[in-house]
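Below is one structure, written out as structure tokens; the observations come after it.
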Amino acid sequence: MFSSYLKIALRNLQKNKVYSAINIAGLSVGIACCMLILLHVYSELQFDRFHKNAEKLYRVNYIQGTVQGERTIGRNMPPLAAALKEEFPEVEASTHFLQGWRLTVKREASNQTGLIARNYFFSGSETFHMFDFPFLYGDPAAALKEPGAVVLTEDKAAMLFGESNPVGERLYIEAEDFPEFGMSTYTVTGVLKRLPANSHLQFDFLISTSTLERFESSREWIRDWDNYQASTYVLLQDEGMESAVESKLAAFTKKYVPEEEGYTKGFVLQPFTDVHFGSSDIAFELNVREGDMMYVRIFLLLALFVAGIACVNYMNLATARAMKRAKEVALRKVVGADRLQMAGQFLFEAIVQALISFLLAIGLVEFALPTFNSLAGNDLSIALIFSPPVLGALIGLALLVGLIAGSYPAFYLSGLTPSLILRGETKTGRGGVRLRNALVVLQFVVTIVMIVATVVVSRQLGYVTTKELGFNRDQLVVFDINHDSVQENFINVKNELLRNASVKSVAVSSRVPGDWKSYRRFGVTRADQPASESVRMVFNGVDEDFLRTYEMDLTQGRNFSRAFASDSNAVILNETAAKALFTESPIGKTVRFSSSNFTGIVIGVVRDFHFESLHDRIEPLALGFMPAGGRHALWGIDYFTMRIAGENVQETIDFLSAVHARFDPINPIELGFLDEWWMNLYERDQRLGTIFSVAAGLAILIACIGLFGLAAFMAEQRTKEIGVRKILGASVGSIVKLLSGDFARLILLGLIIATPLAYWAMDRWLEGFAYRIEIGWWVFVLAGGLALLIALLTVSMQALKAALANPVEALRYE
Amino acid sequence: MIKTMNLKRMYATDEVETTALNNVNIEINEGEFVAIMGPSGCGKSTLLNILGLLDNPSDGEYHFVGHEVSKYTERQRANLRKANIGFVFQSFNLIDELTVFENVELPLFYLGVASAEREKRVNEVLEHMGVMHRKSHFPQQLSGGQQQRVAVSRAIVAKPKLILADEPTGNLDSAHGSEVMKLLTQLNEAGTTIVMVTHSTHDSEFAHRIIHLFDGHVVTENIKEQFHV
């Protein structure tokens with residue numbers, strides 16, 4: 001039976017090449033999209049699950065309470081890991097990832113430059129017992145035991161040692177902030193394979209925590225219960241022991257953590273596999289690429305849409321072709337086929353086409369994967385498709401698409417009554433037409449929603465890139481300070497930089513507006529206020545040229561000046577901060593910064609400017625004056641900002657690099673344009689915009705593939721009608737209008753349904769921005785117009801062909 | 001073999017109800033060759049569809065090989081039909097996507113006959129009908145006469161008791177038409193019951209008995225002298 005069905009299915013494919021091609025093209029694109037999306041979602045949902053013990057692993061988070069409430073913090077004390085293991089029999093193993101200071105790693109002591117390392121951790125000896133990061137070289141059990149042991153990742157090992165096995169090689173490590181550290185010896189004990197992208201733990205290398213026992217100052221540091229630089233993880237003996245441990249954590253905290261006035265302290269276990277998606281409320285945590293369930297949902301919805309549209313196309317074409325197949329159905333029934341057998345045959349045909357499309361889709365996926373990876377920020381490989389569970393699921397998907405796509409044609413065609421067809425009454429029922437129209441409307445609803453989403457996202461991104469930020473972001477070049485001598489000598493560095501006429505002005509600051517690094521925040525009060533009424537304020541230490549370089553305006557008071565010795569504790573507030581603290585003019589008033597001894601005098605108010613992305617409201621901000629030496633009591637400097645001339649930009653940059661190299665011979669310059677940094681704040685939004693535009697493109701493409709086929713059949717079915725109309729004097733134009741008009745009506749209906757849907761969805765997205773555009777009515781007109789235009793172009797080609805045909809030909813068939 | 005009692009068939013559209021058959025009472029015995037004649041629209045094809053179990057009557061009874069089938073479901077009719085009835089149409093109605101062999105094989109396929117047995121029986125029939133050399137061709141590659149031979153092959157391959165022929169010579173020239181009539185006569189002589197709708201007086205000469213239909217009624221029945229039970 002199957003061989004017969006297969007034969008007929010293949011023969012039908014061959015015989016109707018155009019329609020087969022349309023069907024298979026549509027299904028392939030649909031299945032390929034689905035595959036990509038499902039692979040992505042699969043890898044997201046598998047995040048951090050590649051560790052054998054993932055279900056028994058927990059991150060220990062620190063809970064800090066103040067009068068303002070509790071917050072969960074992803075970092076805590078270096079001695080916590082060992083103490084947990086000692087106190088709790090349920091804890092099988094524990095470790096931490098302890099953040100250190102900036103290092104320069106070299107292969108030879110004499111090397112002038114080396115690898116600048118920020119992204120590394122000190123970690124305990126049980127790390128590789130708990131986590132299954134695969135090793136390229138070395139023994140996982142012993143890798144982090146001895147002091148001075150270093151485990152490199154593949155890429156960093158290759159940068160330092162080439163392709164050879166570096167285990168046992170000596171490393172030279174310099175630490176500016178900690179000279180003794182550089183005197184010690186270090187040995188490579190292992191090389192890890194490149195860390196999977198779906199791991200929240202990402203680092204360039206690990207150094208054994210026991211290394212820190214070598215030096216007196218760090219010995220204290222790693223025993224300090226007031227040091228918050230470690231991320232702590234535990235492996236429990238068994239799943240479900242979580243609550244047993246948590247019930248004893250309060251007593252544990254009391255025993256180990258020193259009390260502090262005004263604070264409550266505690267710990268909580270977070271399942272390791274929840275870290276990726278469940279950490280949005282956790283501060284200062286190690287999570288390089290935080291997951292977002294919203295994206296997973298959007299992606300799944302897209303997969304559903306695209307597959308749905310592809311199935312709809314198939315159904316539409318198949319039912320439109322019902323007339324052609326009707327005679328076959330009738331005859332098979334006359335000679336004995338029953339309805340079930342006929343339905344089986346049509347389903348089988350759909351599944352054959354879906355499977356052919358599936359094979360083509362694998363090719364498409366391979367082709368599109370690199371683009372998709374950069375879009376989705378993932379590192380999926382085509383090999384994933386061929387792993388048995390995934391392959392099984394994808395074949396299942398193809399079969400499902402075939403079943404769904406084939407279900408309606410099978411149901412419809414198998415129900416045709418042979419006696420009617422053989423009498424020549426082969427009119428497809430009104431029901432078939434109505435369903436087909438409904439499906440076309442549905443396709444255009446999806447398409448129009450996608451177009452609206454694309455337009456809204458790109459307009460909002462346009463808005464955030466051009467919105468007045470309160471300073472001029474053009475032609476600002478920023479570089480990072482990586483060496484003490486640059487910080488200490490910042491006034492000399494500024495003078496050197498200003499020798500070039502293209503450098504118009506230079507400023508230093510702790511942070512720059514649009515910075516990806518976090519700001520320091522302090523509770524700030526007036527002199528007459530208790531600490532409990534403090535206003536949380538962002539602090540930035542700047543020099544007297546900061547406002548001028550950024551072209552910011554003062555609304556009250558004056559700028560910092562080296563001429564006044566008293567300016568060492570001067571403070572400039574932004575308007576929001578001034579309003580939050582004072583009802584009268586703040587000039588000359590005293591402000592106190594809690595958790596430090598710093599007291600400032602307000603000398604000016606700066607007009608509000610954005611220093612974070614437009615997702616966030618402008619926060620209260622205090623600028624402090626940077627003394628010579630670059631170390632403000634609250635925060636030292638970390639950046640130079642130069643406003644440069646628009647001409648000879650490359651030469652100016654070369655000049656900046658040369659000056660930098662004179663003061664910092666070790667580290668290469670880390671330089672960027674501030675307007676580009678600002679755009680990086682919207683990477684997520686840009687990615688969403690790209691996803692929508694690609695999805696809109698695909699939706700249009702697949703819908704048009706379907707429309708093209710449908711229009712061809714409509715024209716074919718109405719050949720006789722067109723012939724008669726032409727004989728009676730209809731013009732070509734009126735016939736094109738007749739055939740296209742039906743589709744135009746459907747698209748307008750689609751627009752009416754899509755408008756509220758799209759408005760609701762995009763309004764919700766825009767709510768994520770503190771500063772946003774409004775969605776104008778014209779967006780919907782544009783989206784509808786675009787859909788209409790594209791659809792009519794597709795349809796009118798067929799309509800024109802039908803209208804231009806010789807009417808005599810059309811009638812001769814009768 | 002066939003007995004109808006007060007058979008009625010109505011077609012209803014939104015506004016009009018048309019009666020295609022009205023109180024038709026006929027009886028056809030096994031081994032008969034009956035022609036049904038009448039002007040266009042008199043209900044010939046409707047009657048043939050009901051006799052062939054492609055359609056149910058609106059009212060009345062229809063007894064076929066001892067079963068009262070007027071209330072049968074589509075599935076029951078299909079089962080009875082595929083074992084007992086072969087069809088020959090004016091426009092041949094071969095499936096264009098299938099070869100001659102596959103077209104003829106189809107009834108056996110749906111009867112669940114094993115593949116080797118199907119091949120043997122199809123080959124026998126094609127041989128007998130003289131279209132063996134065309135077995136791998138598609139219908140559109142054949143002449144009208146050849147197509148009708150294939151259609152007759154398909155009708156008889158499952159050895160049905162009854163063959164229903166709807167103007168079997170209507171699309172053929174006279175030479176090929178006579179050939180088909182000869183074939184039907186031979187089949188009848190071998191024991192198959194034949195009911196044939198026709199416009200042609202020439203063709204009706206081959207039948208033992210002629211039923212005249214007019215506006216859905218049976219008007220006369222001519223029993224030929226040469227008919228011996």
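Every chain in the structure tokens takes a letter, A first, then B, and so on in the order presented; its residues are numbered from 1, and the ligands are numbered from 1 following the presented order.
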Selection: 8 Å around Val34 in chain B, only C-alpha atoms, excl. self and same-chain fewer than 4 positions, as number ranges by chain:
B: 28, 194-196, 207-211
Select, as a list in words, those residues of chain A with any atom no more than 9 Å from chain B (distances computed using only C-alpha atoms).
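In the required form, that comes to Met1, Ile8, Arg11, Asn12, Lys15, Lys327, Glu328, Leu331, Arg332, Lys333, Val334, Val335, Gly336, Ala337, Asp338, Arg339, Gln341, Thr417, Pro418, Ser419, Leu420, Leu422 and Arg423 of chain A.
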Quick one: residues within 9 Å of Phe101 in chain B, only C-alpha atoms, excluding same-chain residues fewer than 3 positions away - as a PyMOL selection string?
chain B and resi 98+104-106+119+122-123+126+132+134-138+150
Give me the residues near Lys71 in chain B as a list in words, where near means some atom within 10 Å (using only C-alpha atoms) and where sequence neighbours in that chain fewer than 5 positions away do not count.
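The neighbour list is Asn56, Pro57, Ser58, Asp59, Gly60, Glu61, Tyr62, Gln76 and Arg77 of chain B.
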Can you tell me how far CA of Pro79 in chain A sits from CA of Glu126 in chain A, in Å to one decimal?
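Pair CA of Pro79 in chain A / CA of Glu126 in chain A returns 14.2 Å.
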Write down as a ChimeraX atom specification the residues of range 501-539 of chain A whose backbone DSSP state falls under strand (DSSP E).
/A:503-509,520-526,535-539
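Near Asp742 in chain A, within a cut-off of 10 Å and counting only C-alpha atoms, sit the residues Asn437, Lys737 and Ile747 of chain A, with same-chain residues fewer than 5 positions away left out.
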Taking into account only C-alpha atoms, which residue in the set A:Arg684, A:Thr690, A:Leu36, A:Tyr408 is nearest to Phe367 in chain A?
A:Leu36
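For the atom pair formed by CA of Glu349 in chain A and CA of Asn316 in chain A, the distance is 14.9 Å, given to one decimal.
Coordinates place CA of Val113 in chain B at a distance of 18.0 Å from CA of Val100 in chain B.
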Polymer residues at most 8 Å from range 154-169 of chain A, only C-alpha atoms, same-chain spacing of 5 or more positions, as a JSON list (two decimals) with C-alpha atoms, in the first residue's frame:
```json
[["chain", "number", "residue", "atom", "x", "y", "z"],
["A", 106, "LYS", "CA", 53.35, 36.46, 30.33],
["A", 107, "ARG", "CA", 55.21, 33.43, 29.14],
["A", 136, "LEU", "CA", 42.20, 19.26, 27.05],
["A", 137, "TYR", "CA", 45.31, 18.64, 29.14],
["A", 138, "GLY", "CA", 45.95, 18.02, 32.81],
["A", 187, "THR", "CA", 52.67, 26.75, 36.82],
["A", 188, "VAL", "CA", 50.11, 25.68, 34.24],
["A", 189, "THR", "CA", 48.37, 22.59, 35.61],
["A", 190, "GLY", "CA", 45.61, 22.19, 33.05],
["A", 191, "VAL", "CA", 43.96, 23.42, 29.89],
["A", 192, "LEU", "CA", 40.19, 23.46, 29.54],
["A", 193, "LYS", "CA", 38.43, 23.02, 26.25],
["A", 194, "ARG", "CA", 36.68, 26.15, 25.16],
["A", 204, "ASP", "CA", 39.95, 33.05, 30.79],
["A", 205, "PHE", "CA", 41.75, 31.14, 33.52]]
```
Using only C-alpha atoms, which protein or nucleic acid residues come within 12 Å of Phe133 in chain A? Drop anything in the same chain fewer than 5 positions from it, and give the result as a list in words.
Asp48, Arg49, Phe50, His51, Lys52, Asn53, Thr127, Phe128, Asp139, Pro140, Ala141, Val151, Leu152, Thr153, Glu154, Gly190, Val191, Leu192, Lys193, Arg194, Leu195, Pro196, Ala197, Asn198, Ser199, Leu201, Gln202 and Phe203 of chain A
Export of the given selection (N, CA and C atoms) as a tab-separated table (two decimals), in the first residue's frame:
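So the final result, stored in part-v2.tsv, reads:
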```tsv
chain	number	residue	atom	x	y	z
A	48	ASP	N	23.69	25.59	31.36
A	48	ASP	CA	24.32	25.12	32.60
A	48	ASP	C	23.99	23.68	32.97
A	49	ARG	N	23.29	22.98	32.10
A	49	ARG	CA	22.88	21.62	32.46
A	49	ARG	C	23.87	20.56	31.99
A	50	PHE	N	24.97	20.99	31.38
A	50	PHE	CA	25.92	19.99	30.89
A	50	PHE	C	26.76	19.42	32.03
A	51	HIS	N	26.67	20.02	33.22
A	51	HIS	CA	27.38	19.44	34.37
A	51	HIS	C	26.59	18.24	34.86
A	52	LYS	N	27.31	17.15	35.08
A	52	LYS	CA	26.66	15.90	35.49
A	52	LYS	C	25.81	16.12	36.75
A	53	ASN	N	26.31	16.95	37.65
A	53	ASN	CA	25.62	17.15	38.93
A	53	ASN	C	24.75	18.39	38.97
A	127	THR	N	36.65	22.60	42.64
A	127	THR	CA	35.92	23.15	41.50
A	127	THR	C	35.65	22.11	40.41
A	128	PHE	N	36.68	21.35	40.05
A	128	PHE	CA	36.49	20.42	38.93
A	128	PHE	C	35.91	19.08	39.38
A	139	ASP	N	45.13	17.09	34.87
A	139	ASP	CA	44.33	16.22	35.72
A	139	ASP	C	43.33	17.07	36.51
A	140	PRO	N	42.04	16.94	36.24
A	140	PRO	CA	41.05	17.79	36.90
A	140	PRO	C	41.13	17.71	38.41
A	141	ALA	N	41.36	16.52	38.96
A	141	ALA	CA	41.31	16.36	40.42
A	141	ALA	C	42.41	17.17	41.10
A	151	VAL	N	44.89	27.10	35.72
A	151	VAL	CA	44.22	26.34	34.67
A	151	VAL	C	43.76	27.32	33.61
A	152	LEU	N	44.29	27.14	32.40
A	152	LEU	CA	43.96	28.07	31.30
A	152	LEU	C	42.82	27.50	30.46
A	153	THR	N	42.10	28.37	29.79
A	153	THR	CA	41.17	27.86	28.76
A	153	THR	C	41.94	27.77	27.45
A	154	GLU	N	41.40	26.97	26.57
A	154	GLU	CA	42.03	26.65	25.29
A	154	GLU	C	42.56	27.89	24.56
A	190	GLY	N	46.66	22.78	33.90
A	190	GLY	CA	45.61	22.19	33.05
A	190	GLY	C	45.14	23.16	32.00
A	191	VAL	N	44.57	22.60	30.94
A	191	VAL	CA	43.96	23.42	29.89
A	191	VAL	C	42.54	22.91	29.68
A	192	LEU	N	41.59	23.83	29.77
A	192	LEU	CA	40.19	23.46	29.54
A	192	LEU	C	39.84	23.65	28.08
A	193	LYS	N	38.99	22.77	27.58
A	193	LYS	CA	38.43	23.02	26.25
A	193	LYS	C	37.63	24.31	26.32
A	194	ARG	N	37.43	24.91	25.18
A	194	ARG	CA	36.68	26.15	25.16
A	194	ARG	C	35.36	26.00	25.93
A	195	LEU	N	35.07	26.92	26.84
A	195	LEU	CA	33.87	26.78	27.67
A	195	LEU	C	32.63	26.90	26.79
A	196	PRO	N	31.64	26.04	27.03
A	196	PRO	CA	30.42	26.12	26.23
A	196	PRO	C	29.77	27.49	26.41
A	197	ALA	N	29.16	28.01	25.34
A	197	ALA	CA	28.52	29.32	25.46
A	197	ALA	C	27.34	29.26	26.41
A	198	ASN	N	26.77	28.06	26.58
A	198	ASN	CA	25.64	28.03	27.50
A	198	ASN	C	26.06	27.62	28.91
A	199	SER	N	27.11	28.32	29.39
A	199	SER	CA	27.55	28.20	30.77
A	199	SER	C	27.58	29.60	31.34
A	201	LEU	N	29.18	30.42	33.98
A	201	LEU	CA	30.55	30.62	34.44
A	201	LEU	C	31.45	30.75	33.23
A	202	GLN	N	32.00	31.92	33.03
A	202	GLN	CA	32.89	32.15	31.90
A	202	GLN	C	34.15	32.82	32.43
A	203	PHE	N	35.31	32.33	32.02
A	203	PHE	CA	36.56	32.95	32.50
A	203	PHE	C	37.67	32.59	31.53
```
As a PyMOL selection string, please: every residue in range 426-616 of chain A that DSSP puts in helix (DSSP H, G or I).
chain A and resi 430-466+484-488+490-497+531-533+546-550+565-569+575-581
Restricting to only C-alpha atoms, whichever of B:Tyr11, B:Phe33, B:Tyr72, B:Phe92 is closest to Gly170 in chain B is B:Phe92
